[in-house]
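Asker: Submitted below is the structure of interest, expressed as structure tokens.
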Amino acid sequence: MTETLLEVLHRPVLEAAPRLLGAVLAHGDVAVRLTEVEAYAGADDPGSHAFRGETPRTRTMFGPAGGLYVYFVYGMHFCANVVCGPSGTASAVLLRAGEVVSGADVATRRRGGAPPRDLARGPARLCRALGISGEHDGTDLLTGPVRLELAEPVPASQVVTGPRVGLRQAADRPWRWWVEGEPSVSPYRPAAPRRPRG
DNA sequence: AGGGTGATTAGG
DNA sequence: CTAATCACCCTC
């Protein structure tokens with residue numbers, strides 16, 4: 001394959017995201033083949049953490065392509081993103097789900113005995129299965145402890161697109177892609193409706 | 001359907 | 001400072 005990961009990550013994020021389907025994310029003995037991703041378009045995207053500009057939390061997203069942006073949410077979960085575009089911009093691809101292709105024993109232990117298809121089915125589960133946490137935020141996916149390796153593109157006929165999961169802002173943008181028929185794709189969950197205060 | 005858990009942000 | 005929100009997962 002002539003195409004490199006960095007070349008892919010420098011394309012517009014709406015092209016880069018689906019191109020990452022099938023790529024393999026590895027940490028230690030565990031490796032996951034990506035089956036579901038979402039694009040976040042930084043300053044152009046009200047749904048992105050980076051929409052309101054750089055903060056300590058979002059600093060990694062404003063760094064160079066190939067960085068790993070890990071954030072902590074809901075008091076207990078980590079989620080992982082691949083940083084795209086040149087430094088100073090803040091687009092990223094959220095890694096929503098994958099199929100464990102190596103180290104299933106370790107991943108299963110970390111995931112409390114979950115069945116194989118659930119090991120990395122969801123962004124926080126994926127991080128848990130791979131042992132990714134806040135200490136990996138800002139590391140480089142080409143040289144750091146967590147590596148991402150491009151695979152052959154998944155044929156377009158097998159790729160499905162739809163709305164992103166769990167967002168209230170820009171919930172209509174169909175910026176999620178997954179591999180059709182993959183049991184590891186996370187279930188669609190619309191954002192919780194906001195109740196009027198009373 | 002509802003709870004857990006804590007960082008981040010908007011607002012007084 | 002307080003209150004609301006949050007790119008989620010688990011159990012019931």
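Simple scheme: letters A, B, ... for chains in structure tokens order, numbers from 1 for residues in each chain, numbers from 1 for ligands in the order shown.
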Determine, counting only C-alpha atoms (C1' of nucleotides), which protein, DNA and RNA residues have an atom within 6 Å of an atom of Ala39 of chain A; residues of the same chain fewer than 6 positions away are not included. Present the result as JSON, numbers by chain.

Answerer: {"A": [17, 93, 175]}

Asker: Give me the residues near DG6 of chain B as an MDAnalysis selection string, where near means some atom within 9 Å (using only C-alpha atoms (C1' of nucleotides)) and where sequence neighbours in that chain fewer than 6 positions away do not count.

Answerer: chainID A and resid 72:76

Asker: Name all residues at most 10 Å from Arg57 of chain A (count only C-alpha atoms (C1' of nucleotides); drop same-chain ones fewer than 2 positions away) and give them as a PDB file with all heavy atoms, in the first residue's frame.

Answerer:
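Writing done, so here's out19.pdb:
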```
ATOM      1  N   HIS A  49     -15.749  19.245  20.799  1.00  0.00           N
ATOM      2  CA  HIS A  49     -15.187  19.847  22.011  1.00  0.00           C
ATOM      3  C   HIS A  49     -14.362  21.082  21.680  1.00  0.00           C
ATOM      4  O   HIS A  49     -14.176  21.952  22.533  1.00  0.00           O
ATOM      5  CB  HIS A  49     -14.283  18.840  22.734  1.00  0.00           C
ATOM      6  CG  HIS A  49     -15.025  17.696  23.345  1.00  0.00           C
ATOM      7  ND1 HIS A  49     -14.400  16.560  23.791  1.00  0.00           N
ATOM      8  CD2 HIS A  49     -16.346  17.517  23.579  1.00  0.00           C
ATOM      9  CE1 HIS A  49     -15.302  15.714  24.287  1.00  0.00           C
ATOM     10  NE2 HIS A  49     -16.491  16.268  24.151  1.00  0.00           N
ATOM     11  N   ALA A  50     -13.854  21.147  20.461  1.00  0.00           N
ATOM     12  CA  ALA A  50     -12.955  22.233  20.079  1.00  0.00           C
ATOM     13  C   ALA A  50     -13.698  23.425  19.493  1.00  0.00           C
ATOM     14  O   ALA A  50     -13.074  24.423  19.132  1.00  0.00           O
ATOM     15  CB  ALA A  50     -11.937  21.726  19.061  1.00  0.00           C
ATOM     16  N   GLU A  54      -9.389  26.576  21.793  1.00  0.00           N
ATOM     17  CA  GLU A  54      -8.481  25.713  22.530  1.00  0.00           C
ATOM     18  C   GLU A  54      -8.584  25.953  24.032  1.00  0.00           C
ATOM     19  O   GLU A  54      -8.621  27.094  24.491  1.00  0.00           O
ATOM     20  CB  GLU A  54      -7.048  25.971  22.052  1.00  0.00           C
ATOM     21  CG  GLU A  54      -6.040  25.052  22.713  1.00  0.00           C
ATOM     22  CD  GLU A  54      -4.643  25.211  22.133  1.00  0.00           C
ATOM     23  OE1 GLU A  54      -4.493  25.820  21.059  1.00  0.00           O
ATOM     24  OE2 GLU A  54      -3.700  24.723  22.785  1.00  0.00           O
ATOM     25  N   THR A  55      -8.659  24.864  24.778  1.00  0.00           N
ATOM     26  CA  THR A  55      -8.648  24.892  26.242  1.00  0.00           C
ATOM     27  C   THR A  55      -7.639  23.829  26.680  1.00  0.00           C
ATOM     28  O   THR A  55      -7.156  23.059  25.853  1.00  0.00           O
ATOM     29  CB  THR A  55     -10.030  24.552  26.816  1.00  0.00           C
ATOM     30  OG1 THR A  55     -10.323  23.179  26.515  1.00  0.00           O
ATOM     31  CG2 THR A  55     -11.131  25.441  26.248  1.00  0.00           C
ATOM     32  N   ARG A  59      -6.356  20.735  24.060  1.00  0.00           N
ATOM     33  CA  ARG A  59      -5.062  21.124  23.498  1.00  0.00           C
ATOM     34  C   ARG A  59      -4.556  20.113  22.464  1.00  0.00           C
ATOM     35  O   ARG A  59      -4.049  20.478  21.403  1.00  0.00           O
ATOM     36  CB  ARG A  59      -4.047  21.250  24.634  1.00  0.00           C
ATOM     37  CG  ARG A  59      -2.690  21.709  24.214  1.00  0.00           C
ATOM     38  CD  ARG A  59      -1.825  21.977  25.440  1.00  0.00           C
ATOM     39  NE  ARG A  59      -1.995  20.936  26.460  1.00  0.00           N
ATOM     40  CZ  ARG A  59      -1.268  19.822  26.535  1.00  0.00           C
ATOM     41  NH1 ARG A  59      -0.312  19.617  25.657  1.00  0.00           N
ATOM     42  NH2 ARG A  59      -1.486  18.933  27.470  1.00  0.00           N
ATOM     43  N   THR A  60      -4.716  18.835  22.768  1.00  0.00           N
ATOM     44  CA  THR A  60      -4.213  17.807  21.850  1.00  0.00           C
ATOM     45  C   THR A  60      -4.846  17.903  20.470  1.00  0.00           C
ATOM     46  O   THR A  60      -4.188  17.704  19.450  1.00  0.00           O
ATOM     47  CB  THR A  60      -4.465  16.411  22.440  1.00  0.00           C
ATOM     48  OG1 THR A  60      -3.731  16.286  23.652  1.00  0.00           O
ATOM     49  CG2 THR A  60      -4.024  15.323  21.486  1.00  0.00           C
ATOM     50  N   MET A  61      -6.137  18.242  20.434  1.00  0.00           N
ATOM     51  CA  MET A  61      -6.822  18.300  19.139  1.00  0.00           C
ATOM     52  C   MET A  61      -6.278  19.402  18.249  1.00  0.00           C
ATOM     53  O   MET A  61      -6.432  19.356  17.026  1.00  0.00           O
ATOM     54  CB  MET A  61      -8.331  18.497  19.334  1.00  0.00           C
ATOM     55  CG  MET A  61      -9.097  17.199  19.378  1.00  0.00           C
ATOM     56  SD  MET A  61     -10.842  17.421  19.008  1.00  0.00           S
ATOM     57  CE  MET A  61     -11.403  18.183  20.510  1.00  0.00           C
ATOM     58  N   TYR A  69      -6.096  11.931  20.978  1.00  0.00           N
ATOM     59  CA  TYR A  69      -6.832  12.780  21.919  1.00  0.00           C
ATOM     60  C   TYR A  69      -7.718  11.882  22.773  1.00  0.00           C
ATOM     61  O   TYR A  69      -8.627  11.233  22.260  1.00  0.00           O
ATOM     62  CB  TYR A  69      -7.666  13.807  21.153  1.00  0.00           C
ATOM     63  CG  TYR A  69      -8.698  14.550  21.989  1.00  0.00           C
ATOM     64  CD1 TYR A  69      -8.340  15.201  23.178  1.00  0.00           C
ATOM     65  CD2 TYR A  69     -10.036  14.611  21.597  1.00  0.00           C
ATOM     66  CE1 TYR A  69      -9.290  15.869  23.942  1.00  0.00           C
ATOM     67  CE2 TYR A  69     -10.995  15.279  22.347  1.00  0.00           C
ATOM     68  CZ  TYR A  69     -10.609  15.904  23.524  1.00  0.00           C
ATOM     69  OH  TYR A  69     -11.559  16.563  24.275  1.00  0.00           O
ATOM     70  N   VAL A  70      -7.424  11.830  24.068  1.00  0.00           N
ATOM     71  CA  VAL A  70      -8.208  11.016  25.002  1.00  0.00           C
ATOM     72  C   VAL A  70      -8.889  11.952  25.990  1.00  0.00           C
ATOM     73  O   VAL A  70      -8.236  12.807  26.581  1.00  0.00           O
ATOM     74  CB  VAL A  70      -7.317  10.021  25.769  1.00  0.00           C
ATOM     75  CG1 VAL A  70      -8.158   9.174  26.719  1.00  0.00           C
ATOM     76  CG2 VAL A  70      -6.560   9.118  24.807  1.00  0.00           C
ATOM     77  N   TYR A  71     -10.191  11.817  26.127  1.00  0.00           N
ATOM     78  CA  TYR A  71     -10.903  12.657  27.093  1.00  0.00           C
ATOM     79  C   TYR A  71     -11.698  11.783  28.062  1.00  0.00           C
ATOM     80  O   TYR A  71     -11.993  10.623  27.802  1.00  0.00           O
ATOM     81  CB  TYR A  71     -11.814  13.666  26.383  1.00  0.00           C
ATOM     82  CG  TYR A  71     -13.009  13.052  25.681  1.00  0.00           C
ATOM     83  CD1 TYR A  71     -14.233  12.905  26.330  1.00  0.00           C
ATOM     84  CD2 TYR A  71     -12.904  12.618  24.365  1.00  0.00           C
ATOM     85  CE1 TYR A  71     -15.327  12.346  25.693  1.00  0.00           C
ATOM     86  CE2 TYR A  71     -13.990  12.056  23.725  1.00  0.00           C
ATOM     87  CZ  TYR A  71     -15.201  11.926  24.390  1.00  0.00           C
ATOM     88  OH  TYR A  71     -16.273  11.365  23.753  1.00  0.00           O
ATOM     89  N   PHE A  72     -12.003  12.399  29.210  1.00  0.00           N
ATOM     90  CA  PHE A  72     -12.681  11.719  30.317  1.00  0.00           C
ATOM     91  C   PHE A  72     -14.107  12.256  30.385  1.00  0.00           C
ATOM     92  O   PHE A  72     -14.324  13.459  30.332  1.00  0.00           O
ATOM     93  CB  PHE A  72     -11.918  12.038  31.609  1.00  0.00           C
ATOM     94  CG  PHE A  72     -12.410  11.328  32.823  1.00  0.00           C
ATOM     95  CD1 PHE A  72     -12.360   9.952  32.897  1.00  0.00           C
ATOM     96  CD2 PHE A  72     -12.893  12.040  33.909  1.00  0.00           C
ATOM     97  CE1 PHE A  72     -12.794   9.296  34.039  1.00  0.00           C
ATOM     98  CE2 PHE A  72     -13.333  11.395  35.047  1.00  0.00           C
ATOM     99  CZ  PHE A  72     -13.280  10.009  35.111  1.00  0.00           C
ATOM    100  N   ASP A 137      -3.272  10.589  26.492  1.00  0.00           N
ATOM    101  CA  ASP A 137      -3.658  11.796  25.753  1.00  0.00           C
ATOM    102  C   ASP A 137      -2.402  12.520  25.278  1.00  0.00           C
ATOM    103  O   ASP A 137      -1.463  12.717  26.061  1.00  0.00           O
ATOM    104  CB  ASP A 137      -4.488  12.711  26.655  1.00  0.00           C
ATOM    105  CG  ASP A 137      -4.881  13.995  25.946  1.00  0.00           C
ATOM    106  OD1 ASP A 137      -5.318  13.912  24.783  1.00  0.00           O
ATOM    107  OD2 ASP A 137      -4.737  15.079  26.549  1.00  0.00           O
TER     108      ASP A 137
ATOM    109  P    DA B   7     -12.478  15.563  38.656  1.00  0.00           P
ATOM    110  OP1  DA B   7     -11.354  14.688  38.961  1.00  0.00           O
ATOM    111  OP2  DA B   7     -12.964  16.575  39.612  1.00  0.00           O
ATOM    112  O5'  DA B   7     -12.179  16.297  37.260  1.00  0.00           O
ATOM    113  C5'  DA B   7     -11.865  15.505  36.142  1.00  0.00           C
ATOM    114  C4'  DA B   7     -12.407  16.155  34.878  1.00  0.00           C
ATOM    115  O4'  DA B   7     -13.844  16.083  34.865  1.00  0.00           O
ATOM    116  C3'  DA B   7     -12.044  17.622  34.712  1.00  0.00           C
ATOM    117  O3'  DA B   7     -11.696  17.820  33.354  1.00  0.00           O
ATOM    118  C2'  DA B   7     -13.319  18.355  35.087  1.00  0.00           C
ATOM    119  C1'  DA B   7     -14.406  17.366  34.657  1.00  0.00           C
ATOM    120  N9   DA B   7     -15.635  17.425  35.446  1.00  0.00           N
ATOM    121  C8   DA B   7     -15.753  17.273  36.800  1.00  0.00           C
ATOM    122  N7   DA B   7     -16.999  17.353  37.238  1.00  0.00           N
ATOM    123  C5   DA B   7     -17.739  17.565  36.087  1.00  0.00           C
ATOM    124  C6   DA B   7     -19.122  17.737  35.876  1.00  0.00           C
ATOM    125  N6   DA B   7     -20.034  17.710  36.844  1.00  0.00           N
ATOM    126  N1   DA B   7     -19.531  17.931  34.602  1.00  0.00           N
ATOM    127  C2   DA B   7     -18.619  17.956  33.626  1.00  0.00           C
ATOM    128  N3   DA B   7     -17.302  17.801  33.703  1.00  0.00           N
ATOM    129  C4   DA B   7     -16.915  17.613  34.976  1.00  0.00           C
ATOM    130  P    DT B   8     -11.054  19.252  32.919  1.00  0.00           P
ATOM    131  OP1  DT B   8     -10.162  18.948  31.804  1.00  0.00           O
ATOM    132  OP2  DT B   8     -10.589  19.979  34.114  1.00  0.00           O
ATOM    133  O5'  DT B   8     -12.314  20.035  32.338  1.00  0.00           O
ATOM    134  C5'  DT B   8     -13.027  19.471  31.263  1.00  0.00           C
ATOM    135  C4'  DT B   8     -14.245  20.326  30.947  1.00  0.00           C
ATOM    136  O4'  DT B   8     -15.234  20.151  31.967  1.00  0.00           O
ATOM    137  C3'  DT B   8     -13.959  21.836  30.883  1.00  0.00           C
ATOM    138  O3'  DT B   8     -14.405  22.274  29.622  1.00  0.00           O
ATOM    139  C2'  DT B   8     -14.755  22.414  32.037  1.00  0.00           C
ATOM    140  C1'  DT B   8     -15.864  21.382  32.197  1.00  0.00           C
ATOM    141  N1   DT B   8     -16.495  21.302  33.543  1.00  0.00           N
ATOM    142  C2   DT B   8     -17.866  21.300  33.642  1.00  0.00           C
ATOM    143  O2   DT B   8     -18.586  21.399  32.678  1.00  0.00           O
ATOM    144  N3   DT B   8     -18.353  21.196  34.924  1.00  0.00           N
ATOM    145  C4   DT B   8     -17.607  21.095  36.085  1.00  0.00           C
ATOM    146  O4   DT B   8     -18.167  21.003  37.171  1.00  0.00           O
ATOM    147  C5   DT B   8     -16.188  21.093  35.910  1.00  0.00           C
ATOM    148  C7   DT B   8     -15.306  20.986  37.107  1.00  0.00           C
ATOM    149  C6   DT B   8     -15.696  21.196  34.656  1.00  0.00           C
TER     150       DT B   8
END
```

Asker: Could you find all residues in segment 10-188 of chain A that DSSP calls alpha helix (DSSP H) from the backbone, and write them as JSON, numbers by chain?

Answerer: {"A": [13, 14, 15, 16, 17, 18, 19, 104, 105, 106, 107, 108, 109, 110, 123, 124, 125, 126, 127, 128, 129, 130]}

Asker: Near Val100 of chain A, within 12 Å and counting only C-alpha atoms (C1' of nucleotides), which residues show up once chain neighbours fewer than 2 positions away are dropped, as a short mmCIF file (atom, residue, chain, number, x, y, z; two decimals) with all heavy atoms, in the first residue's frame?

Answerer:
```
data_model
loop_
_atom_site.label_atom_id
_atom_site.label_comp_id
_atom_site.auth_asym_id
_atom_site.auth_seq_id
_atom_site.Cartn_x
_atom_site.Cartn_y
_atom_site.Cartn_z
N GLY A 22 -11.43 -0.32 9.37
CA GLY A 22 -10.55 -1.42 9.04
C GLY A 22 -9.14 -1.26 9.58
O GLY A 22 -8.40 -2.24 9.71
N ALA A 23 -8.74 -0.03 9.89
CA ALA A 23 -7.41 0.20 10.46
C ALA A 23 -7.31 -0.49 11.83
O ALA A 23 -8.32 -0.73 12.49
CB ALA A 23 -7.13 1.69 10.58
N VAL A 24 -6.08 -0.78 12.22
CA VAL A 24 -5.87 -1.55 13.45
C VAL A 24 -5.21 -0.68 14.50
O VAL A 24 -4.13 -0.11 14.27
CB VAL A 24 -5.03 -2.81 13.18
CG1 VAL A 24 -4.71 -3.53 14.48
CG2 VAL A 24 -5.78 -3.75 12.23
N LEU A 25 -5.84 -0.57 15.67
CA LEU A 25 -5.32 0.17 16.80
C LEU A 25 -4.77 -0.85 17.80
O LEU A 25 -5.48 -1.78 18.19
CB LEU A 25 -6.45 0.99 17.43
CG LEU A 25 -6.08 1.94 18.56
CD1 LEU A 25 -5.23 3.10 18.03
CD2 LEU A 25 -7.34 2.48 19.23
N ALA A 26 -3.53 -0.64 18.20
CA ALA A 26 -2.88 -1.64 19.07
C ALA A 26 -2.24 -0.96 20.27
O ALA A 26 -1.67 0.13 20.18
CB ALA A 26 -1.82 -2.40 18.29
N HIS A 27 -2.35 -1.63 21.41
CA HIS A 27 -1.67 -1.19 22.63
C HIS A 27 -1.26 -2.45 23.38
O HIS A 27 -2.12 -3.22 23.80
CB HIS A 27 -2.60 -0.32 23.49
CG HIS A 27 -1.95 0.19 24.74
ND1 HIS A 27 -2.64 0.32 25.93
CD2 HIS A 27 -0.69 0.62 24.98
CE1 HIS A 27 -1.82 0.80 26.85
NE2 HIS A 27 -0.63 0.99 26.30
N ASP A 29 -0.54 -6.04 24.05
CA ASP A 29 -0.92 -7.29 23.41
C ASP A 29 -2.28 -7.23 22.74
O ASP A 29 -2.68 -8.18 22.07
CB ASP A 29 -0.95 -8.43 24.44
CG ASP A 29 0.44 -8.75 24.97
OD1 ASP A 29 1.42 -8.52 24.22
OD2 ASP A 29 0.55 -9.20 26.13
N VAL A 30 -3.01 -6.14 22.96
CA VAL A 30 -4.39 -6.07 22.44
C VAL A 30 -4.41 -5.24 21.17
O VAL A 30 -3.80 -4.16 21.10
CB VAL A 30 -5.34 -5.48 23.49
CG1 VAL A 30 -6.76 -5.41 22.94
CG2 VAL A 30 -5.30 -6.32 24.78
N ALA A 31 -5.14 -5.71 20.17
CA ALA A 31 -5.33 -4.96 18.93
C ALA A 31 -6.79 -5.03 18.51
O ALA A 31 -7.47 -6.03 18.72
CB ALA A 31 -4.44 -5.52 17.82
N VAL A 32 -7.26 -3.92 17.94
CA VAL A 32 -8.67 -3.78 17.58
C VAL A 32 -8.76 -3.28 16.15
O VAL A 32 -8.09 -2.32 15.77
CB VAL A 32 -9.35 -2.78 18.55
CG1 VAL A 32 -10.67 -2.29 17.98
CG2 VAL A 32 -9.56 -3.42 19.92
N ARG A 33 -9.58 -3.92 15.36
CA ARG A 33 -9.86 -3.47 13.98
C ARG A 33 -11.09 -2.57 14.02
O ARG A 33 -12.17 -2.99 14.45
CB ARG A 33 -10.11 -4.68 13.10
CG ARG A 33 -10.56 -4.35 11.70
CD ARG A 33 -10.83 -5.62 10.89
NE ARG A 33 -11.49 -5.32 9.63
CZ ARG A 33 -12.81 -5.36 9.45
NH1 ARG A 33 -13.62 -5.69 10.43
NH2 ARG A 33 -13.33 -5.07 8.26
N LEU A 34 -10.92 -1.33 13.57
CA LEU A 34 -11.98 -0.33 13.73
C LEU A 34 -13.17 -0.64 12.83
O LEU A 34 -13.02 -0.89 11.63
CB LEU A 34 -11.44 1.06 13.41
CG LEU A 34 -10.28 1.53 14.29
CD1 LEU A 34 -9.78 2.89 13.84
CD2 LEU A 34 -10.69 1.56 15.75
N THR A 35 -14.36 -0.58 13.42
CA THR A 35 -15.59 -0.86 12.66
C THR A 35 -16.58 0.29 12.70
O THR A 35 -17.59 0.26 12.00
CB THR A 35 -16.29 -2.11 13.21
OG1 THR A 35 -16.59 -1.91 14.59
CG2 THR A 35 -15.43 -3.34 13.06
N ALA A 97 -15.96 2.06 17.87
CA ALA A 97 -16.09 0.63 18.10
C ALA A 97 -15.12 -0.14 17.23
O ALA A 97 -14.61 0.39 16.23
CB ALA A 97 -17.52 0.16 17.80
N GLY A 98 -14.86 -1.37 17.62
CA GLY A 98 -13.98 -2.22 16.85
C GLY A 98 -14.12 -3.67 17.25
O GLY A 98 -14.82 -4.01 18.19
N SER A 102 -6.71 -9.31 18.44
CA SER A 102 -5.54 -9.86 19.11
C SER A 102 -5.65 -9.55 20.60
O SER A 102 -6.17 -8.50 20.98
CB SER A 102 -4.28 -9.22 18.51
OG SER A 102 -3.14 -9.63 19.20
N GLY A 103 -5.19 -10.47 21.44
CA GLY A 103 -5.20 -10.21 22.88
C GLY A 103 -6.57 -10.28 23.50
O GLY A 103 -6.85 -9.59 24.49
N ALA A 104 -7.45 -11.11 22.96
CA ALA A 104 -8.82 -11.18 23.47
C ALA A 104 -8.88 -11.59 24.93
O ALA A 104 -9.78 -11.18 25.66
CB ALA A 104 -9.65 -12.14 22.61
N ASP A 105 -7.90 -12.37 25.38
CA ASP A 105 -7.92 -12.79 26.79
C ASP A 105 -7.71 -11.60 27.71
O ASP A 105 -8.43 -11.42 28.70
CB ASP A 105 -6.87 -13.88 27.02
CG ASP A 105 -5.49 -13.48 26.51
OD1 ASP A 105 -5.41 -12.58 25.64
OD2 ASP A 105 -4.49 -14.05 26.99
N VAL A 106 -6.72 -10.78 27.38
CA VAL A 106 -6.46 -9.58 28.19
C VAL A 106 -7.65 -8.64 28.13
O VAL A 106 -8.12 -8.12 29.14
CB VAL A 106 -5.19 -8.87 27.70
CG1 VAL A 106 -4.96 -7.57 28.47
CG2 VAL A 106 -3.98 -9.79 27.84
N ALA A 107 -8.17 -8.42 26.92
CA ALA A 107 -9.30 -7.50 26.75
C ALA A 107 -10.51 -7.99 27.53
O ALA A 107 -11.22 -7.19 28.17
CB ALA A 107 -9.64 -7.36 25.27
N THR A 108 -10.76 -9.26 27.51
CA THR A 108 -11.91 -9.82 28.22
C THR A 108 -11.77 -9.62 29.72
O THR A 108 -12.74 -9.27 30.41
CB THR A 108 -12.06 -11.32 27.90
OG1 THR A 108 -12.23 -11.48 26.50
CG2 THR A 108 -13.27 -11.91 28.61
N ARG A 111 -12.49 -6.10 30.58
CA ARG A 111 -13.90 -5.76 30.36
C ARG A 111 -14.84 -6.59 31.23
O ARG A 111 -16.04 -6.66 30.99
CB ARG A 111 -14.23 -5.94 28.87
CG ARG A 111 -13.60 -4.88 27.99
CD ARG A 111 -14.45 -3.64 27.89
NE ARG A 111 -15.73 -3.93 27.27
CZ ARG A 111 -16.89 -3.92 27.91
NH1 ARG A 111 -16.95 -3.64 29.19
NH2 ARG A 111 -18.00 -4.19 27.27
N PRO A 115 -18.84 -10.57 26.57
CA PRO A 115 -18.74 -11.46 25.40
C PRO A 115 -17.92 -10.81 24.29
O PRO A 115 -17.81 -9.57 24.23
CB PRO A 115 -20.20 -11.65 24.97
CG PRO A 115 -20.96 -10.53 25.59
CD PRO A 115 -20.23 -10.17 26.85
N PRO A 116 -17.33 -11.61 23.41
CA PRO A 116 -16.38 -11.10 22.40
C PRO A 116 -16.89 -9.90 21.61
O PRO A 116 -16.17 -8.93 21.43
CB PRO A 116 -16.17 -12.32 21.50
CG PRO A 116 -16.37 -13.48 22.40
CD PRO A 116 -17.44 -13.08 23.38
N ARG A 117 -18.13 -9.95 21.15
CA ARG A 117 -18.58 -8.85 20.28
C ARG A 117 -18.77 -7.55 21.05
O ARG A 117 -18.85 -6.48 20.44
CB ARG A 117 -19.86 -9.24 19.56
CG ARG A 117 -21.11 -9.18 20.42
CD ARG A 117 -22.28 -9.73 19.66
NE ARG A 117 -21.97 -11.05 19.08
CZ ARG A 117 -22.81 -11.75 18.31
NH1 ARG A 117 -23.99 -11.25 18.01
NH2 ARG A 117 -22.47 -12.93 17.85
N ASP A 118 -18.84 -7.63 22.37
CA ASP A 118 -19.03 -6.43 23.18
C ASP A 118 -17.72 -5.84 23.71
O ASP A 118 -17.74 -4.80 24.36
CB ASP A 118 -19.93 -6.74 24.40
CG ASP A 118 -21.39 -6.90 24.00
OD1 ASP A 118 -21.73 -6.60 22.85
OD2 ASP A 118 -22.17 -7.33 24.86
N LEU A 119 -16.60 -6.49 23.44
CA LEU A 119 -15.35 -6.07 24.08
C LEU A 119 -15.01 -4.61 23.76
O LEU A 119 -14.59 -3.86 24.64
CB LEU A 119 -14.20 -6.99 23.64
CG LEU A 119 -14.24 -8.40 24.23
CD1 LEU A 119 -13.11 -9.23 23.65
CD2 LEU A 119 -14.17 -8.36 25.74
N ALA A 120 -15.17 -4.24 22.50
CA ALA A 120 -14.84 -2.86 22.09
C ALA A 120 -16.04 -2.23 21.38
O ALA A 120 -15.90 -1.44 20.45
CB ALA A 120 -13.62 -2.85 21.18
N ARG A 121 -17.23 -2.56 21.83
CA ARG A 121 -18.47 -2.09 21.20
C ARG A 121 -18.95 -0.83 21.91
O ARG A 121 -19.79 -0.88 22.81
CB ARG A 121 -19.51 -3.21 21.30
CG ARG A 121 -20.78 -2.96 20.53
CD ARG A 121 -21.70 -4.17 20.68
NE ARG A 121 -22.82 -4.10 19.77
CZ ARG A 121 -24.08 -4.37 20.14
NH1 ARG A 121 -24.35 -4.71 21.39
NH2 ARG A 121 -25.04 -4.30 19.26
N ARG A 125 -15.83 1.47 25.94
CA ARG A 125 -15.46 0.06 26.01
C ARG A 125 -14.19 -0.21 25.22
O ARG A 125 -13.34 -1.00 25.64
CB ARG A 125 -16.60 -0.79 25.44
CG ARG A 125 -17.85 -0.82 26.30
CD ARG A 125 -18.99 -1.34 25.49
NE ARG A 125 -20.13 -1.75 26.31
CZ ARG A 125 -21.22 -2.30 25.81
NH1 ARG A 125 -21.32 -2.50 24.51
NH2 ARG A 125 -22.22 -2.64 26.60
N LEU A 126 -14.08 0.45 24.06
CA LEU A 126 -12.89 0.29 23.23
C LEU A 126 -11.64 0.71 24.01
O LEU A 126 -10.63 0.00 24.00
CB LEU A 126 -13.05 1.10 21.94
CG LEU A 126 -11.96 1.04 20.90
CD1 LEU A 126 -12.55 1.15 19.50
CD2 LEU A 126 -10.94 2.15 21.09
N CYS A 127 -11.72 1.83 24.69
CA CYS A 127 -10.57 2.29 25.49
C CYS A 127 -10.27 1.32 26.62
O CYS A 127 -9.12 1.00 26.89
CB CYS A 127 -10.84 3.68 26.05
SG CYS A 127 -10.64 4.98 24.83
N ARG A 128 -11.31 0.85 27.28
CA ARG A 128 -11.13 -0.08 28.38
C ARG A 128 -10.46 -1.37 27.89
O ARG A 128 -9.52 -1.87 28.51
CB ARG A 128 -12.49 -0.38 29.00
CG ARG A 128 -12.44 -1.20 30.27
CD ARG A 128 -12.12 -0.33 31.45
NE ARG A 128 -11.88 -1.14 32.63
CZ ARG A 128 -12.79 -1.37 33.59
NH1 ARG A 128 -13.97 -0.79 33.51
NH2 ARG A 128 -12.50 -2.11 34.63
N ALA A 129 -10.94 -1.89 26.78
CA ALA A 129 -10.40 -3.14 26.25
C ALA A 129 -8.92 -3.00 25.90
O ALA A 129 -8.13 -3.92 26.09
CB ALA A 129 -11.20 -3.59 25.02
N LEU A 130 -8.55 -1.81 25.39
CA LEU A 130 -7.18 -1.59 24.96
C LEU A 130 -6.28 -1.07 26.08
O LEU A 130 -5.08 -0.93 25.89
CB LEU A 130 -7.15 -0.58 23.80
CG LEU A 130 -7.52 -1.14 22.43
CD1 LEU A 130 -7.91 -0.04 21.48
CD2 LEU A 130 -6.35 -1.93 21.85
N PRO A 183 -21.06 -7.03 13.97
CA PRO A 183 -21.72 -7.13 15.28
C PRO A 183 -21.09 -6.23 16.34
O PRO A 183 -21.71 -5.97 17.37
CB PRO A 183 -21.54 -8.61 15.65
CG PRO A 183 -20.37 -9.07 14.85
CD PRO A 183 -20.39 -8.26 13.59
N SER A 184 -19.88 -5.72 16.08
CA SER A 184 -19.22 -4.89 17.09
C SER A 184 -19.64 -3.43 17.02
O SER A 184 -19.20 -2.62 17.83
CB SER A 184 -17.70 -4.99 16.91
OG SER A 184 -17.32 -4.55 15.64
#
```

Asker: Could you make a table, as a tab-separated table, of the residues of chain A that have an atom within 9 Å of an atom of chain C, each with its nearest atom pair and distance in Å to one decimal, counting only C-alpha atoms (C1' of nucleotides), in chain and number order?

Answerer:
```
residue	atom	partner	partner_atom	distance
A:Glu38	CA	C:DA7	C1'	8.7
A:Tyr40	CA	C:DA7	C1'	8.9
A:Gly47	CA	C:DA7	C1'	7.9
A:Ser48	CA	C:DA7	C1'	7.8
A:His49	CA	C:DA7	C1'	8.4
A:Val73	CA	C:DC6	C1'	6.7
A:Tyr74	CA	C:DC6	C1'	6.4
A:Met76	CA	C:DC8	C1'	8.6
A:His77	CA	C:DC8	C1'	6.7
A:Phe78	CA	C:DC8	C1'	8.9
A:Cys79	CA	C:DA7	C1'	8.1
A:Leu94	CA	C:DA7	C1'	7.5
A:Gly122	CA	C:DC8	C1'	8.3
A:Pro123	CA	C:DC8	C1'	8.0
A:Ala124	CA	C:DC8	C1'	6.7
A:Arg125	CA	C:DC9	C1'	8.1
A:Arg164	CA	C:DA7	C1'	8.2
A:Val165	CA	C:DA7	C1'	7.1
A:Gly166	CA	C:DA7	C1'	6.6
A:Leu167	CA	C:DA7	C1'	6.6
```
